[in-house]
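Peer 1: Input file: query_10.pdb. Contents: PDB, C-alpha atoms.
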ATOM      1  CA  MET D 110     150.049 137.741  55.285
ATOM      2  CA  THR D 111     147.023 137.093  57.451
ATOM      3  CA  THR D 112     145.765 134.513  55.038
ATOM      4  CA  THR D 113     149.066 132.652  55.200
ATOM      5  CA  VAL D 114     149.030 132.494  58.998
ATOM      6  CA  ASP D 115     145.446 131.202  59.032
ATOM      7  CA  ALA D 116     146.309 128.562  56.471
ATOM      8  CA  THR D 117     149.254 127.355  58.487
ATOM      9  CA  ARG D 118     147.364 127.280  61.791
ATOM     10  CA  ARG D 119     144.198 125.619  60.586
ATOM     11  CA  PRO D 120     145.666 122.107  59.998
ATOM     12  CA  GLY D 121     147.235 122.134  63.456
ATOM     13  CA  ARG D 122     143.922 123.117  65.013
ATOM     14  CA  LEU D 123     142.197 120.294  63.170
ATOM     15  CA  ARG D 124     144.771 117.802  64.394
ATOM     16  CA  LEU D 125     144.311 118.940  68.010
ATOM     17  CA  GLN D 126     140.554 118.642  67.713
ATOM     18  CA  GLY D 127     140.874 115.137  66.311
ATOM     19  CA  VAL D 128     143.093 114.101  69.224
ATOM     20  CA  SER D 129     140.677 115.533  71.819
ATOM     21  CA  GLN D 130     137.701 113.714  70.296
ATOM     22  CA  ARG D 131     139.322 110.321  70.588
ATOM     23  CA  GLN D 132     138.433 108.322  73.725
ATOM     24  CA  PRO D 133     141.064 106.171  75.357
ATOM     25  CA  PRO D 134     140.284 102.435  75.377
ATOM     26  CA  ALA D 135     140.109 102.323  79.210
ATOM     27  CA  SER D 136     137.357 104.941  79.282
ATOM     28  CA  GLN D 137     135.313 102.985  76.728
ATOM     29  CA  ARG D 138     135.596  99.838  78.824
ATOM     30  CA  TRP D 139     134.357 101.666  81.921
ATOM     31  CA  ARG D 140     131.366 102.922  79.947
ATOM     32  CA  LEU D 141     130.385  99.330  79.142
ATOM     33  CA  LEU D 142     130.419  98.305  82.811
ATOM     34  CA  PRO D 143     126.894  99.617  83.711
ATOM     35  CA  THR D 144     125.462  97.896  80.635
ATOM     36  CA  LEU D 145     127.081  94.595  81.605
ATOM     37  CA  VAL D 146     125.734  94.913  85.155
ATOM     38  CA  LEU D 147     122.191  95.530  83.853
ATOM     39  CA  VAL D 148     122.426  92.583  81.458
ATOM     40  CA  ALA D 149     123.638  90.312  84.271
ATOM     41  CA  GLY D 150     120.771  91.473  86.495
ATOM     42  CA  ALA D 151     118.247  90.868  83.728
ATOM     43  CA  LEU D 152     119.573  87.345  83.131
ATOM     44  CA  TYR D 153     119.456  86.638  86.859
ATOM     45  CA  CYS D 154     115.770  87.673  87.008
ATOM     46  CA  LEU D 155     114.752  85.950  83.783
ATOM     47  CA  LEU D 156     116.478  82.629  84.457
ATOM     48  CA  PRO D 157     113.789  81.303  86.871
ATOM     49  CA  VAL D 158     111.040  82.575  84.548
ATOM     50  CA  ILE D 159     112.545  80.616  81.660
ATOM     51  CA  TRP D 160     113.434  77.565  83.753
ATOM     52  CA  VAL D 161     109.916  76.928  85.153
ATOM     53  CA  PRO D 162     108.153  76.337  81.778
ATOM     54  CA  MET D 163     111.099  74.312  80.543
ATOM     55  CA  ALA D 164     111.202  72.179  83.707
ATOM     56  CA  ALA D 165     107.442  71.588  83.502
ATOM     57  CA  THR D 166     107.979  69.795  80.195
ATOM     58  CA  LYS D 167     110.444  67.287  81.656
ATOM     59  CA  THR D 168     109.851  63.903  83.197
ATOM     60  CA  GLY D 169     111.140  63.049  86.630
ATOM     61  CA  ALA D 170     114.224  61.377  85.209
ATOM     62  CA  GLU D 171     115.034  64.330  82.970
ATOM     63  CA  LEU D 172     114.472  66.808  85.792
ATOM     64  CA  PHE D 173     116.888  65.184  88.242
ATOM     65  CA  THR D 174     119.590  64.064  85.827
ATOM     66  CA  THR D 175     120.131  67.197  83.735
ATOM     67  CA  PHE D 176     119.944  70.936  84.286
ATOM     68  CA  THR D 177     119.352  72.524  80.922
ATOM     69  CA  LEU D 178     116.949  75.046  79.474
ATOM     70  CA  ALA D 179     116.005  72.706  76.661
ATOM     71  CA  PRO D 180     112.397  71.443  76.740
ATOM     72  CA  GLY D 181     111.664  67.845  77.639
ATOM     73  CA  HIS D 182     109.045  65.309  76.574
ATOM     74  CA  GLY D 183     106.868  64.967  79.670
ATOM     75  CA  LEU D 184     104.495  67.938  79.654
ATOM     76  CA  ILE D 185     101.389  65.962  78.714
ATOM     77  CA  GLY D 186     102.207  63.260  81.243
ATOM     78  CA  ASN D 187     102.802  65.839  83.970
ATOM     79  CA  LEU D 188      99.470  67.510  83.252
ATOM     80  CA  ARG D 189      97.668  64.157  83.435
ATOM     81  CA  GLU D 190      99.332  63.216  86.727
ATOM     82  CA  LEU D 191      98.603  66.632  88.189
ATOM     83  CA  SER D 192      94.950  66.459  87.178
ATOM     84  CA  ALA D 193      94.641  62.939  88.579
ATOM     85  CA  TYR D 194      96.302  63.776  91.902
ATOM     86  CA  ARG D 195      93.779  62.949  94.651
ATOM     87  CA  GLY D 196      90.883  63.065  92.227
ATOM     88  CA  GLY D 197      91.594  66.543  90.821
ATOM     89  CA  GLN D 198      92.628  68.268  94.063
ATOM     90  CA  PHE D 199      94.823  70.706  92.160
ATOM     91  CA  TRP D 200      91.865  72.131  90.241
ATOM     92  CA  ARG D 201      90.002  72.455  93.520
ATOM     93  CA  TRP D 202      92.829  74.626  94.801
ATOM     94  CA  MET D 203      92.738  76.678  91.617
ATOM     95  CA  LEU D 204      88.991  77.208  92.012
ATOM     96  CA  ASN D 205      89.463  78.287  95.631
ATOM     97  CA  SER D 206      92.090  80.813  94.567
ATOM     98  CA  ALA D 207      89.753  82.134  91.869
ATOM     99  CA  VAL D 208      86.998  82.602  94.468
ATOM    100  CA  TYR D 209      89.274  84.323  96.974
ATOM    101  CA  THR D 210      90.891  86.605  94.421
ATOM    102  CA  GLY D 211      87.836  87.326  92.278
ATOM    103  CA  PHE D 212      85.482  88.318  95.066
ATOM    104  CA  GLY D 213      88.189  89.820  97.250
ATOM    105  CA  ALA D 214      89.688  92.006  94.512
ATOM    106  CA  ALA D 215      86.269  93.137  93.218
ATOM    107  CA  LEU D 216      84.990  94.079  96.674
ATOM    108  CA  SER D 217      88.303  95.748  97.517
ATOM    109  CA  ALA D 218      88.188  97.818  94.320
ATOM    110  CA  MET D 219      84.637  98.991  95.080
ATOM    111  CA  LEU D 220      85.417  99.801  98.717
ATOM    112  CA  SER D 221      88.600 101.614  97.703
ATOM    113  CA  ALA D 222      86.719 103.628  95.070
ATOM    114  CA  VAL D 223      84.011 104.747  97.513
ATOM    115  CA  THR D 224      86.476 105.586 100.287
ATOM    116  CA  GLY D 225      88.996 107.268  97.993
ATOM    117  CA  TYR D 226      86.282 109.356  96.346
ATOM    118  CA  ALA D 227      84.959 110.487  99.745
ATOM    119  CA  LEU D 228      88.440 111.444 100.957
ATOM    120  CA  ALA D 229      89.201 113.315  97.736
ATOM    121  CA  LYS D 230      85.966 115.243  97.134
ATOM    122  CA  TYR D 231      84.331 115.792 100.530
ATOM    123  CA  ARG D 232      85.451 118.088 103.306
ATOM    124  CA  PHE D 233      84.751 116.801 106.805
ATOM    125  CA  ARG D 234      86.319 116.915 110.220
ATOM    126  CA  GLY D 235      89.077 114.355 110.659
ATOM    127  CA  ARG D 236      89.654 113.830 106.936
ATOM    128  CA  LYS D 237      93.380 114.481 107.200
ATOM    129  CA  LEU D 238      93.643 112.177 110.231
ATOM    130  CA  VAL D 239      91.908 109.365 108.345
ATOM    131  CA  PHE D 240      94.259 109.804 105.387
ATOM    132  CA  ASN D 241      97.312 109.767 107.664
ATOM    133  CA  LEU D 242      96.065 106.545 109.252
ATOM    134  CA  LEU D 243      95.767 105.053 105.766
ATOM    135  CA  ILE D 244      99.353 106.023 105.018
ATOM    136  CA  ALA D 245     100.395 104.339 108.264
ATOM    137  CA  GLY D 246      98.418 101.257 107.210
ATOM    138  CA  VAL D 247     100.311 101.143 103.923
ATOM    139  CA  LEU D 248     103.612 101.119 105.819
ATOM    140  CA  VAL D 249     102.597  98.265 108.138
ATOM    141  CA  PRO D 250     103.652  94.858 106.700
ATOM    142  CA  GLN D 251     100.646  92.627 106.163
ATOM    143  CA  ILE D 252     102.515  89.677 107.639
ATOM    144  CA  THR D 253     102.335  91.291 111.076
ATOM    145  CA  LEU D 254      98.520  91.364 110.924
ATOM    146  CA  ALA D 255      97.981  87.675 110.112
ATOM    147  CA  VAL D 256      98.040  86.380 113.701
ATOM    148  CA  PRO D 257      95.817  89.185 115.136
ATOM    149  CA  GLN D 258      93.360  88.632 112.292
ATOM    150  CA  TYR D 259      93.271  84.918 113.072
ATOM    151  CA  LEU D 260      92.565  85.597 116.757
ATOM    152  CA  LEU D 261      89.763  88.035 115.912
ATOM    153  CA  LEU D 262      88.106  85.732 113.389
ATOM    154  CA  ALA D 263      88.486  82.729 115.693
ATOM    155  CA  LYS D 264      86.687  84.736 118.370
ATOM    156  CA  VAL D 265      83.612  85.088 116.141
ATOM    157  CA  GLY D 266      83.814  81.530 114.845
ATOM    158  CA  LEU D 267      84.954  82.274 111.270
ATOM    159  CA  ALA D 268      88.450  80.765 111.410
ATOM    160  CA  GLY D 269      88.803  77.917 108.953
ATOM    161  CA  SER D 270      86.036  79.147 106.648
ATOM    162  CA  TYR D 271      86.179  80.875 103.290
ATOM    163  CA  TRP D 272      85.337  84.152 105.027
ATOM    164  CA  SER D 273      88.521  83.976 107.094
ATOM    165  CA  VAL D 274      90.562  84.495 103.913
ATOM    166  CA  LEU D 275      88.075  86.682 102.044
ATOM    167  CA  LEU D 276      87.257  89.307 104.696
ATOM    168  CA  PRO D 277      90.847  90.454 105.461
ATOM    169  CA  SER D 278      91.449  90.826 101.719
ATOM    170  CA  ILE D 279      88.657  93.345 101.163
ATOM    171  CA  PHE D 280      90.178  96.262 103.058
ATOM    172  CA  SER D 281      93.341  97.551 101.399
ATOM    173  CA  PRO D 282      94.966 100.789 102.666
ATOM    174  CA  TYR D 283      97.127 100.918  99.560
ATOM    175  CA  GLY D 284      94.082 100.545  97.285
ATOM    176  CA  ILE D 285      92.265 103.357  99.101
ATOM    177  CA  TYR D 286      95.364 105.539  98.796
ATOM    178  CA  LEU D 287      95.556 104.902  95.047
ATOM    179  CA  ALA D 288      91.836 105.599  94.625
ATOM    180  CA  ARG D 289      92.088 108.838  96.563
ATOM    181  CA  ILE D 290      95.026 110.085  94.482
ATOM    182  CA  TYR D 291      93.328 109.066  91.240
ATOM    183  CA  ALA D 292      89.993 110.655  92.176
ATOM    184  CA  THR D 293      91.723 113.936  93.027
ATOM    185  CA  ALA D 294      93.372 114.103  89.608
ATOM    186  CA  ALA D 295      90.680 112.576  87.372
ATOM    187  CA  ILE D 296      87.398 114.062  88.638
ATOM    188  CA  PRO D 297      86.956 117.829  88.122
ATOM    189  CA  ASP D 298      85.055 119.601  90.877
ATOM    190  CA  GLU D 299      83.170 121.593  88.238
ATOM    191  CA  MET D 300      81.652 118.415  86.813
ATOM    192  CA  LEU D 301      80.407 117.365  90.225
ATOM    193  CA  GLU D 302      78.911 120.798  90.860
ATOM    194  CA  ALA D 303      77.153 120.715  87.492
ATOM    195  CA  ALA D 304      75.619 117.340  88.334
ATOM    196  CA  ARG D 305      74.435 118.639  91.704
ATOM    197  CA  LEU D 306      72.887 121.699  90.043
ATOM    198  CA  ASP D 307      70.874 119.273  87.913
ATOM    199  CA  THR D 308      69.360 117.999  91.208
ATOM    200  CA  ALA D 309      71.259 114.722  91.074
ATOM    201  CA  SER D 310      71.669 112.967  94.411
ATOM    202  CA  GLU D 311      75.121 112.210  95.803
ATOM    203  CA  LEU D 312      74.677 108.536  95.001
ATOM    204  CA  ARG D 313      73.694 109.413  91.437
ATOM    205  CA  VAL D 314      76.692 111.726  91.118
ATOM    206  CA  PHE D 315      79.030 108.982  92.277
ATOM    207  CA  ARG D 316      77.449 106.313  90.083
ATOM    208  CA  SER D 317      77.051 108.358  86.886
ATOM    209  CA  VAL D 318      79.977 110.787  87.050
ATOM    210  CA  ALA D 319      82.677 109.529  89.388
ATOM    211  CA  ILE D 320      82.764 105.811  88.569
ATOM    212  CA  PRO D 321      83.223 106.227  84.773
ATOM    213  CA  LEU D 322      86.101 108.643  85.375
ATOM    214  CA  MET D 323      87.667 106.416  88.037
ATOM    215  CA  LEU D 324      87.385 103.193  86.027
ATOM    216  CA  PRO D 325      91.098 102.956  85.057
ATOM    217  CA  GLY D 326      92.055 103.578  88.674
ATOM    218  CA  MET D 327      89.612 100.926  89.865
ATOM    219  CA  VAL D 328      91.085  98.461  87.377
ATOM    220  CA  THR D 329      94.536  99.203  88.780
ATOM    221  CA  VAL D 330      93.355  98.575  92.341
ATOM    222  CA  PHE D 331      91.638  95.377  91.179
ATOM    223  CA  LEU D 332      94.820  94.080  89.543
ATOM    224  CA  VAL D 333      97.013  94.973  92.525
ATOM    225  CA  GLN D 334      94.655  93.223  94.914
ATOM    226  CA  PHE D 335      94.180  90.250  92.585
ATOM    227  CA  VAL D 336      97.916  89.621  92.421
ATOM    228  CA  ALA D 337      98.331  90.161  96.178
ATOM    229  CA  ILE D 338      95.507  87.770  97.119
ATOM    230  CA  TRP D 339      96.510  85.168  94.521
ATOM    231  CA  ASN D 340     100.086  85.092  95.804
ATOM    232  CA  ASN D 341      99.123  85.321  99.478
ATOM    233  CA  PHE D 342     100.422  82.371 101.462
ATOM    234  CA  LEU D 343     100.681  83.163 105.167
ATOM    235  CA  LEU D 344      97.081  84.264 105.786
ATOM    236  CA  PRO D 345      95.378  81.147 104.316
ATOM    237  CA  PHE D 346      98.111  78.953 105.801
ATOM    238  CA  ILE D 347      97.227  80.237 109.283
ATOM    239  CA  MET D 348      93.468  80.462 108.788
ATOM    240  CA  LEU D 349      92.668  77.191 107.027
ATOM    241  CA  SER D 350      93.043  73.623 108.212
ATOM    242  CA  ASP D 351      90.920  71.802 105.606
ATOM    243  CA  ASP D 352      92.924  71.180 102.439
ATOM    244  CA  ASP D 353      89.716  71.290 100.386
ATOM    245  CA  ARG D 354      89.664  75.047 101.078
ATOM    246  CA  PHE D 355      93.343  75.681 100.400
ATOM    247  CA  PRO D 356      94.283  78.186  97.684
ATOM    248  CA  ILE D 357      96.873  77.253  95.119
ATOM    249  CA  THR D 358      99.791  78.686  97.126
ATOM    250  CA  VAL D 359      99.139  76.564 100.208
ATOM    251  CA  GLY D 360      98.212  73.556  98.074
ATOM    252  CA  LEU D 361     101.499  73.628  96.196
ATOM    253  CA  TYR D 362     103.321  74.020  99.503
ATOM    254  CA  THR D 363     101.753  70.809 100.785
ATOM    255  CA  LEU D 364     102.833  69.050  97.594
ATOM    256  CA  LEU D 365     106.347  70.414  97.987
ATOM    257  CA  SER D 366     106.568  69.261 101.603
ATOM    258  CA  GLN D 367     105.479  65.756 100.560
ATOM    259  CA  GLY D 368     108.148  65.746  97.844
ATOM    260  CA  ALA D 369     110.831  65.018 100.455
ATOM    261  CA  SER D 370     109.469  61.481 100.772
ATOM    262  CA  GLN D 371     108.019  61.242  97.236
ATOM    263  CA  PRO D 372     110.411  62.937  94.773
ATOM    264  CA  ALA D 373     108.007  62.273  91.907
ATOM    265  CA  LEU D 374     105.778  65.038  93.280
ATOM    266  CA  TYR D 375     108.384  67.674  92.420
ATOM    267  CA  THR D 376     107.395  67.537  88.765
ATOM    268  CA  LEU D 377     103.770  68.106  89.798
ATOM    269  CA  VAL D 378     104.775  71.123  91.886
ATOM    270  CA  ILE D 379     106.647  72.696  88.977
ATOM    271  CA  THR D 380     103.809  72.000  86.547
ATOM    272  CA  GLY D 381     101.306  73.425  89.033
ATOM    273  CA  ALA D 382     103.457  76.535  89.512
ATOM    274  CA  LEU D 383     103.434  77.072  85.754
ATOM    275  CA  LEU D 384      99.655  76.703  85.543
ATOM    276  CA  SER D 385      99.164  79.050  88.494
ATOM    277  CA  THR D 386     100.724  81.912  86.535
ATOM    278  CA  VAL D 387      98.340  81.547  83.582
ATOM    279  CA  PRO D 388      95.391  83.417  85.210
ATOM    280  CA  LEU D 389      97.628  86.335  86.159
ATOM    281  CA  VAL D 390      99.051  86.694  82.656
ATOM    282  CA  ALA D 391      95.604  86.363  81.082
ATOM    283  CA  LEU D 392      94.161  88.977  83.431
ATOM    284  CA  PHE D 393      96.883  91.514  82.661
ATOM    285  CA  LEU D 394      96.529  90.998  78.923
ATOM    286  CA  SER D 395      92.740  91.353  79.050
ATOM    287  CA  LEU D 396      92.641  94.489  81.215
ATOM    288  CA  GLN D 397      95.526  96.463  79.747
ATOM    289  CA  ARG D 398      93.162  98.175  77.296
ATOM    290  CA  TYR D 399      91.811 100.263  80.195
ATOM    291  CA  TRP D 400      95.272 101.714  80.748
ATOM    292  CA  ARG D 401      95.616 102.466  77.045
ATOM    293  CA  LEU D 402      92.247 104.228  77.102
ATOM    294  CA  ASP D 403      93.343 106.269  80.108
ATOM    295  CA  LEU D 404      96.574 107.301  78.374
ATOM    296  CA  ILE D 405      94.673 108.345  75.243
ATOM    297  CA  THR D 406      92.177 110.332  77.309
ATOM    298  CA  GLY D 407      94.973 112.090  79.167
ATOM    299  CA  GLY D 408      96.661 112.935  75.887
ATOM    300  CA  LEU D 409      93.457 114.428  74.475
ATOM    301  CA  LYS D 410      92.923 116.510  77.610
ATOM    302  CA  GLY D 411      96.460 117.796  77.378
TER     303      GLY D 411
END
For the file at hand, write its structure as structure tokens.

Peer 2:
Amino acid sequence: MTTTVDATRRPGRLRLQGVSQRQPPASQRWRLLPTLVLVAGALYCLLPVIWVPMAATKTGAELFTTFTLAPGHGLIGNLRELSAYRGGQFWRWMLNSAVYTGFGAALSAMLSAVTGYALAKYRFRGRKLVFNLLIAGVLVPQITLAVPQYLLLAKVGLAGSYWSVLLPSIFSPYGIYLARIYATAAIPDEMLEAARLDTASELRVFRSVAIPLMLPGMVTVFLVQFVAIWNNFLLPFIMLSDDDRFPITVGLYTLLSQGASQPALYTLVITGALLSTVPLVALFLSLQRYWRLDLITGGLKG
């Protein structure tokens, strides 16, 4: 008798389970909504990235008559006109940007490494106050410091020179903060004590022990500063008056402002914007191996 009841109830139970597992069509449509929003946001962000290289390949006529993502036939001509503009002024701007970013990012990475290491591994009076001031410096927008920096550098006669753009780029509160956090996690205190027991000086300990362990963090600070200095516009725009010292951002702005009276310059601006991204992409691709090495080292330690 029990077997008969179980046999009669089991199909009904299976049918109820099948009904409960089915999702109504309205619920499935609502589940697709977040995916559609993310896809729309991705297309919105990628559209300018795709449009710039496509627009750089078009002639002036193609650029102003059609708006498509199809490539044009004027890339070589645009590159020639851009290179010939004012006797190669564009490449002068690119060289200036390379000088500002190369020296500024390298010096900033070294200063951040030294300062972050000192804040992480030394105990001294006022250490917490210094770190809190750094946090406050991270929160202050850099745009608010451009005019005071100009007044200070003009007071000592450096406004308008290469130093007026290079010196403010060396000190980075955010880079020091990153270096301090990285040094705390990556450098064991036992290793430093062992080096000191071997009668190594503090400079030798920093150079031989700390720097190799902090190298991935220093590369990160270098990349962050490189991108920030390369894309910086307001500081060199305020500091510099000679267009021979302009970086690429200010140089392209001058071309864009002249495009109102000379529309043919718009194609040069777009081509120059495309070329200005090449150093950034090349730098990221060449330095990403340091991050891979850091991930592998962390995995081995774990």

Peer 1: Do you know which residues the PyMOL selection byres ((chain D and resi 380-394) around 7) returns on this file, as a list in words?

Peer 2: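 Against this file, the PyMOL selection byres ((chain D and resi 380-394) around 7) returns the residues Val161, Pro162, Ala165, Asn187, Thr376, Leu377, Val378, Ile379, Ser395, Leu396 and Gln397 of chain D.
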
Peer 1: For the residues in that selection, give me C-alpha atoms as a PDB file, in the coordinates of the input.

Peer 2:
ATOM      1  CA  VAL D 161     109.916  76.928  85.153  1.00  0.00           C
ATOM      2  CA  PRO D 162     108.153  76.337  81.778  1.00  0.00           C
ATOM      3  CA  ALA D 165     107.442  71.588  83.502  1.00  0.00           C
ATOM      4  CA  ASN D 187     102.802  65.839  83.970  1.00  0.00           C
ATOM      5  CA  THR D 376     107.395  67.537  88.765  1.00  0.00           C
ATOM      6  CA  LEU D 377     103.770  68.106  89.798  1.00  0.00           C
ATOM      7  CA  VAL D 378     104.775  71.123  91.886  1.00  0.00           C
ATOM      8  CA  ILE D 379     106.647  72.696  88.977  1.00  0.00           C
ATOM      9  CA  SER D 395      92.740  91.353  79.050  1.00  0.00           C
ATOM     10  CA  LEU D 396      92.641  94.489  81.215  1.00  0.00           C
ATOM     11  CA  GLN D 397      95.526  96.463  79.747  1.00  0.00           C
TER      12      GLN D 397
END

Peer 1: Considering all atoms listed in the file, state which residue in the set D:Gln251, D:Thr168, D:Leu344, D:Ser310 is at the smallest distance from Ile185 in chain D.

Peer 2: D:Thr168

Peer 1: Rounded to one decimal in Å, what is the spacing between CA of Trp160 in chain D and CA of Thr175 in chain D?

Peer 2: 12.3 Å

Peer 1: Using only C-alpha atoms, determine which residues lie at most 9 Å from His182 in chain D, disregarding the query and same-chain residues fewer than 2 positions distant; provide the list as a PyMOL selection string.

Peer 2: chain D and resi 166-168+171+180+184-186

Peer 1: Can you spell out as number ranges by chain the set of residues that the PyMOL selection byres ((chain D and resi 317-331) around 9) selects in the structure I just provided?

Peer 2: D: 211, 213-219, 221-222, 226, 283-285, 287-288, 291-292, 295-296, 300-301, 304, 312-316, 332-336, 396, 399-400, 402-403

Peer 1: How would the residues just picked look written out with C-alpha atoms as a PDB file, in the coordinates of the input?

Peer 2:
ATOM      1  CA  GLY D 211      87.836  87.326  92.278  1.00  0.00           C
ATOM      2  CA  GLY D 213      88.189  89.820  97.250  1.00  0.00           C
ATOM      3  CA  ALA D 214      89.688  92.006  94.512  1.00  0.00           C
ATOM      4  CA  ALA D 215      86.269  93.137  93.218  1.00  0.00           C
ATOM      5  CA  LEU D 216      84.990  94.079  96.674  1.00  0.00           C
ATOM      6  CA  SER D 217      88.303  95.748  97.517  1.00  0.00           C
ATOM      7  CA  ALA D 218      88.188  97.818  94.320  1.00  0.00           C
ATOM      8  CA  MET D 219      84.637  98.991  95.080  1.00  0.00           C
ATOM      9  CA  SER D 221      88.600 101.614  97.703  1.00  0.00           C
ATOM     10  CA  ALA D 222      86.719 103.628  95.070  1.00  0.00           C
ATOM     11  CA  TYR D 226      86.282 109.356  96.346  1.00  0.00           C
ATOM     12  CA  TYR D 283      97.127 100.918  99.560  1.00  0.00           C
ATOM     13  CA  GLY D 284      94.082 100.545  97.285  1.00  0.00           C
ATOM     14  CA  ILE D 285      92.265 103.357  99.101  1.00  0.00           C
ATOM     15  CA  LEU D 287      95.556 104.902  95.047  1.00  0.00           C
ATOM     16  CA  ALA D 288      91.836 105.599  94.625  1.00  0.00           C
ATOM     17  CA  TYR D 291      93.328 109.066  91.240  1.00  0.00           C
ATOM     18  CA  ALA D 292      89.993 110.655  92.176  1.00  0.00           C
ATOM     19  CA  ALA D 295      90.680 112.576  87.372  1.00  0.00           C
ATOM     20  CA  ILE D 296      87.398 114.062  88.638  1.00  0.00           C
ATOM     21  CA  MET D 300      81.652 118.415  86.813  1.00  0.00           C
ATOM     22  CA  LEU D 301      80.407 117.365  90.225  1.00  0.00           C
ATOM     23  CA  ALA D 304      75.619 117.340  88.334  1.00  0.00           C
ATOM     24  CA  LEU D 312      74.677 108.536  95.001  1.00  0.00           C
ATOM     25  CA  ARG D 313      73.694 109.413  91.437  1.00  0.00           C
ATOM     26  CA  VAL D 314      76.692 111.726  91.118  1.00  0.00           C
ATOM     27  CA  PHE D 315      79.030 108.982  92.277  1.00  0.00           C
ATOM     28  CA  ARG D 316      77.449 106.313  90.083  1.00  0.00           C
ATOM     29  CA  LEU D 332      94.820  94.080  89.543  1.00  0.00           C
ATOM     30  CA  VAL D 333      97.013  94.973  92.525  1.00  0.00           C
ATOM     31  CA  GLN D 334      94.655  93.223  94.914  1.00  0.00           C
ATOM     32  CA  PHE D 335      94.180  90.250  92.585  1.00  0.00           C
ATOM     33  CA  VAL D 336      97.916  89.621  92.421  1.00  0.00           C
ATOM     34  CA  LEU D 396      92.641  94.489  81.215  1.00  0.00           C
ATOM     35  CA  TYR D 399      91.811 100.263  80.195  1.00  0.00           C
ATOM     36  CA  TRP D 400      95.272 101.714  80.748  1.00  0.00           C
ATOM     37  CA  LEU D 402      92.247 104.228  77.102  1.00  0.00           C
ATOM     38  CA  ASP D 403      93.343 106.269  80.108  1.00  0.00           C
TER      39      ASP D 403
END

Peer 1: What's the 10 Å shell around Asn205 in chain D, counting all atoms listed in the file, without same-chain residues fewer than 5 positions away, as a list in words?

Peer 2: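 Surrounding residues, per the criterion: Phe199, Trp200, Thr210, Gly211, Tyr271, Trp339, Asp353, Arg354, Phe355, Pro356 and Ile357 of chain D.
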
Peer 1: Quick check, in Å to one decimal: how far apart do CA of Glu190 in chain D and CA of Gly360 in chain D lie?

Peer 2: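 So the two atoms, CA of Glu190 in chain D and CA of Gly360 in chain D, lie 15.4 Å apart.
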
Peer 1: CA of Gly225 in chain D to CA of Ala245 in chain D: how many Å, to one decimal?

Peer 2: 15.6 Å

Peer 1: Write out as lines of an AutoDock Vina configuration file an axis-aligned box for range 235-249 of chain D: all of its atoms listed in the file, 3 Å added on each side, centre and edge lengths in Å with one decimal.

Peer 2:
center_x = 96.3
center_y = 106.4
center_z = 107.3
size_x = 20.5
size_y = 22.2
size_z = 12.7
